[in-house]
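Enquirer: My structure is below; once you've seen it, I'll send some questions.
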Amino acid sequence: MEKGARPNWDNPMQFLLACISYAVGLGNVWRFPYLCQMHGGGGFLIPYLLMLFLEGMPLFYLELAIGQRMRLGSIGAWTAISPYLGGVGLAGVVTSLYLCLYYNIINAWSFWYLFHSFQSALPWADCPINSNRTGPVEECEMATPTQYFFYRETLDISSSIEENGDIHTGQALCLLLAWVITYLFIIRGIKSTGKVVYFTATFPYVVLFIYLIRGITLHGAINGVKYMFTPKMEQLANPTTWINAATQIFFSLGLGFGSLIAFASYNQYNNNIEFQAIIVSLINSGTSIFASFVTFAIYGFKATINYENCLERTRLLLLNAFNLAEDSVTIDSVFEWIEKLNTTYPQQFDIIANKLENCDLESELNTAVEGTGLAFIVYSEAIKYMPLPQLWSVLYFIMLLLLGLGSMLGNITAIITPLQDFKVASRMSNELFSGLVCLFCLLLGLGFTTSSGNYWFTMFNDYGATLSLLVVVLIEVITVSYIYGIKRFEKDIEDMLGHRPNWYWKIMWAGTSPLLLIVLLISYIINYIQGGAPTYQAWNIELVSVGFISSPL
């Protein structure tokens, strides 16, 4: 193929920022902190960073090298390597399309929360009044205001995936807005995308830094930070810890979708992708750790507030039950008084024993939440206790939007770039073709704005792309190493960079990374089989709680 016939990024920085904007996404904020919490706090960093060098970085470099060498989208690049491998690229396009159908609904929720943040009082701070004006709405009173706002006001959720319901008009409009902005970001191909990434790749760090400063000054934040950096080394003996570390690296870098191949195909032929692969991989992992520090500071604040509220309720119970002076029992002395009163007045204490709550800071910190529960419930709960909550809410949801839209740029590019390599699509203007793809995804994505839409989102997110991506990337690395050939691949890199890859890259491509992918693939299949029918968390309207339900699919 003639070099220079393809559009190029204006400069290497645009490509670097595009990769950062794509790789650094919502998973860094809402998935990695959860894994740290589940697998030993700071101890989880050991397998995580090890998997970065054994799996993440080599595979990231491999995809960038393929895209830059072939200067084609995923379908064309793999077809150029072997006519029989076009299906690998097609699988990546289909997976990206699949992801685009539901990923933008997260951005729609962020828009919804952002718009509701411009109020004198945040709508999830207190329960709304019922229609009779006699008190709070019962469903909200039995749950919490933040849960009610998310499940009822935002999602208007049904009791199961089988109850579809109508389209939520507000959510549909927010989804339309998310797709319009996505379209505007890509309307002129990399010429517009290259400008947008200067903002989508950098501003989230500004917000994270502001949140870091605010977070560490919050009451009780130190409790969360201590929890994060207190390693539970026994978790390193748990195979699940290592599997989750490898899986997080794999998906966090966005491997297998074809986005990296598409981005790299617009590079100058001699662009230093080896350096950029290292930089982006390290920034991605560094962001996860940085975001965890912020998240655990928020965790500590929220856990401390909940713990002290629990102690205050217990204090009031003791004061009323034993007619004690108001200032005799303080929050700090609650446990001493419980022991004292239980010893002195055992019969009277037995009467209130069943009303006493188990106030425990450690159990509050142990409550692990991920995904939408962390992003839209836990953070919202913490924000409402901050001074000027509207300001912190606006900043937070703008950050979520930019992380989500930045990832969408990569997802949609992974679809458009390979298809535009075909003559039929190349005859259309970029504006028209991009518009048709966005419209198609918008129309199919409206199903996620129905009452059961959140359940479909969960099923798509949990069970949709994992297996296919593992297979795609495994075929990629085996193809390059053993069909295209490591020696030939070395020469291609030497032609682009002026030097051959060192022994580290070759060992990873030919041996370590494929073996790790095989282990991940087998582990996923075993867990899937042993797990039985797919499940999802459903909102029980009668019990006002979240529970697991088996999918009828």
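Residues in the structure tokens are numbered from 1 in each chain, the chains being A, B, ... in the order shown, and ligands are numbered from 1 in the order shown.
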If you run DSSP on the backbone, which residues of region 142-189 of chain A are alpha helix (DSSP H), as an mmCIF file with C-alpha atoms, in the first residue's frame?
Expert:
```cif
data_model
loop_
_atom_site.group_PDB
_atom_site.id
_atom_site.type_symbol
_atom_site.label_atom_id
_atom_site.label_comp_id
_atom_site.auth_asym_id
_atom_site.auth_seq_id
_atom_site.Cartn_x
_atom_site.Cartn_y
_atom_site.Cartn_z
ATOM 1 C CA MET A 142 -37.587 2.011 52.994
ATOM 2 C CA PRO A 145 -32.667 8.676 48.766
ATOM 3 C CA THR A 146 -29.680 7.865 46.515
ATOM 4 C CA GLN A 147 -30.974 4.359 45.744
ATOM 5 C CA TYR A 148 -34.453 5.721 45.073
ATOM 6 C CA THR A 169 -38.425 9.831 27.808
ATOM 7 C CA GLY A 170 -35.776 11.638 29.838
ATOM 8 C CA GLN A 171 -33.278 8.831 29.383
ATOM 9 C CA ALA A 172 -34.044 8.589 25.671
ATOM 10 C CA LEU A 173 -33.317 12.303 25.240
ATOM 11 C CA CYS A 174 -30.077 11.984 27.222
ATOM 12 C CA LEU A 175 -29.073 9.002 25.049
ATOM 13 C CA LEU A 176 -29.834 11.061 21.937
ATOM 14 C CA LEU A 177 -27.626 13.854 23.309
ATOM 15 C CA ALA A 178 -24.811 11.379 24.023
ATOM 16 C CA TRP A 179 -24.935 10.081 20.447
ATOM 17 C CA VAL A 180 -25.120 13.587 18.945
ATOM 18 C CA ILE A 181 -21.968 14.572 20.841
ATOM 19 C CA THR A 182 -20.254 11.320 19.831
ATOM 20 C CA TYR A 183 -21.135 12.070 16.200
ATOM 21 C CA LEU A 184 -19.794 15.622 16.419
ATOM 22 C CA PHE A 185 -16.553 14.260 17.876
ATOM 23 C CA ILE A 186 -15.993 11.972 14.854
#
```
Enquirer: Residues within 9 Å of Leu122 (chain A), please, as a PyMOL selection string. Count only C-alpha atoms; anything in the same chain fewer than 2 positions from it doesn't count.
Expert: chain A and resi 116-120+124-126+384+389-390+393
Enquirer: Just write the chosen residues, N, CA, C and O atoms, as an mmCIF file, in the first residue's frame.
Expert:
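Below is the file that was written, out07.cif:
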```cif
data_model
loop_
_atom_site.group_PDB
_atom_site.id
_atom_site.type_symbol
_atom_site.label_atom_id
_atom_site.label_comp_id
_atom_site.auth_asym_id
_atom_site.auth_seq_id
_atom_site.Cartn_x
_atom_site.Cartn_y
_atom_site.Cartn_z
ATOM 1 N N HIS A 116 -29.438 17.265 36.724
ATOM 2 C CA HIS A 116 -30.132 17.360 38.012
ATOM 3 C C HIS A 116 -29.250 17.928 39.116
ATOM 4 O O HIS A 116 -29.733 18.140 40.239
ATOM 5 N N SER A 117 -27.977 18.150 38.792
ATOM 6 C CA SER A 117 -27.075 18.714 39.804
ATOM 7 C C SER A 117 -27.231 20.218 39.943
ATOM 8 O O SER A 117 -26.789 20.802 40.933
ATOM 9 N N PHE A 118 -27.868 20.862 38.951
ATOM 10 C CA PHE A 118 -28.038 22.322 38.973
ATOM 11 C C PHE A 118 -29.334 22.686 39.692
ATOM 12 O O PHE A 118 -30.235 23.303 39.124
ATOM 13 N N GLN A 119 -29.452 22.285 40.945
ATOM 14 C CA GLN A 119 -30.631 22.577 41.744
ATOM 15 C C GLN A 119 -30.177 23.066 43.112
ATOM 16 O O GLN A 119 -29.057 22.780 43.556
ATOM 17 N N SER A 120 -31.067 23.785 43.791
ATOM 18 C CA SER A 120 -30.704 24.335 45.096
ATOM 19 C C SER A 120 -30.413 23.228 46.099
ATOM 20 O O SER A 120 -29.599 23.393 47.011
ATOM 21 N N TRP A 124 -31.208 13.735 45.107
ATOM 22 C CA TRP A 124 -30.989 12.464 45.802
ATOM 23 C C TRP A 124 -30.540 12.685 47.246
ATOM 24 O O TRP A 124 -30.121 11.740 47.926
ATOM 25 N N ALA A 125 -30.636 13.917 47.723
ATOM 26 C CA ALA A 125 -30.230 14.210 49.102
ATOM 27 C C ALA A 125 -31.317 13.800 50.098
ATOM 28 O O ALA A 125 -31.023 13.355 51.210
ATOM 29 N N ASP A 126 -32.580 13.965 49.712
ATOM 30 C CA ASP A 126 -33.708 13.633 50.588
ATOM 31 C C ASP A 126 -34.799 12.946 49.785
ATOM 32 O O ASP A 126 -34.875 13.076 48.559
ATOM 33 N N LYS A 384 -23.421 14.225 48.631
ATOM 34 C CA LYS A 384 -24.481 15.004 49.287
ATOM 35 C C LYS A 384 -24.073 15.478 50.686
ATOM 36 O O LYS A 384 -24.671 16.403 51.230
ATOM 37 N N PRO A 389 -22.401 20.714 47.665
ATOM 38 C CA PRO A 389 -22.520 19.428 46.960
ATOM 39 C C PRO A 389 -22.798 19.576 45.467
ATOM 40 O O PRO A 389 -22.393 18.729 44.672
ATOM 41 N N GLN A 390 -23.493 20.664 45.083
ATOM 42 C CA GLN A 390 -23.787 20.864 43.655
ATOM 43 C C GLN A 390 -22.501 20.990 42.839
ATOM 44 O O GLN A 390 -22.391 20.434 41.739
ATOM 45 N N SER A 393 -20.815 17.613 42.570
ATOM 46 C CA SER A 393 -21.617 16.743 41.706
ATOM 47 C C SER A 393 -21.389 17.074 40.234
ATOM 48 O O SER A 393 -21.198 16.182 39.403
#
```
Enquirer: Determine, counting only C-alpha atoms, which protein, DNA and RNA residues have an atom within 9 Å of an atom of region 43-59 of chain A; residues of the same chain fewer than 6 positions away are not included. Present the result as JSON, numbers by chain.
Expert: {"A": [35, 36, 37, 228, 229, 230, 231, 232, 233, 234, 235, 236, 241, 242, 243, 244, 245, 246, 247, 248, 249, 250, 252, 253, 255, 277, 278, 280, 281, 282, 285, 289, 473, 477, 504, 505, 506, 508, 509, 512, 513, 514, 516, 517]}
Enquirer: With only C-alpha atoms as the counted atoms, please give the residues lying no more than 9 Å from region 410-419 of chain A, apart from itself and same-chain residues fewer than 6 positions off, as a ChimeraX atom specification.
Expert: /A:18-19,21-23,72-77,89-90,92-94,96-97,99-100,182,186,189,254,257-263,425-426,433-434,437-438
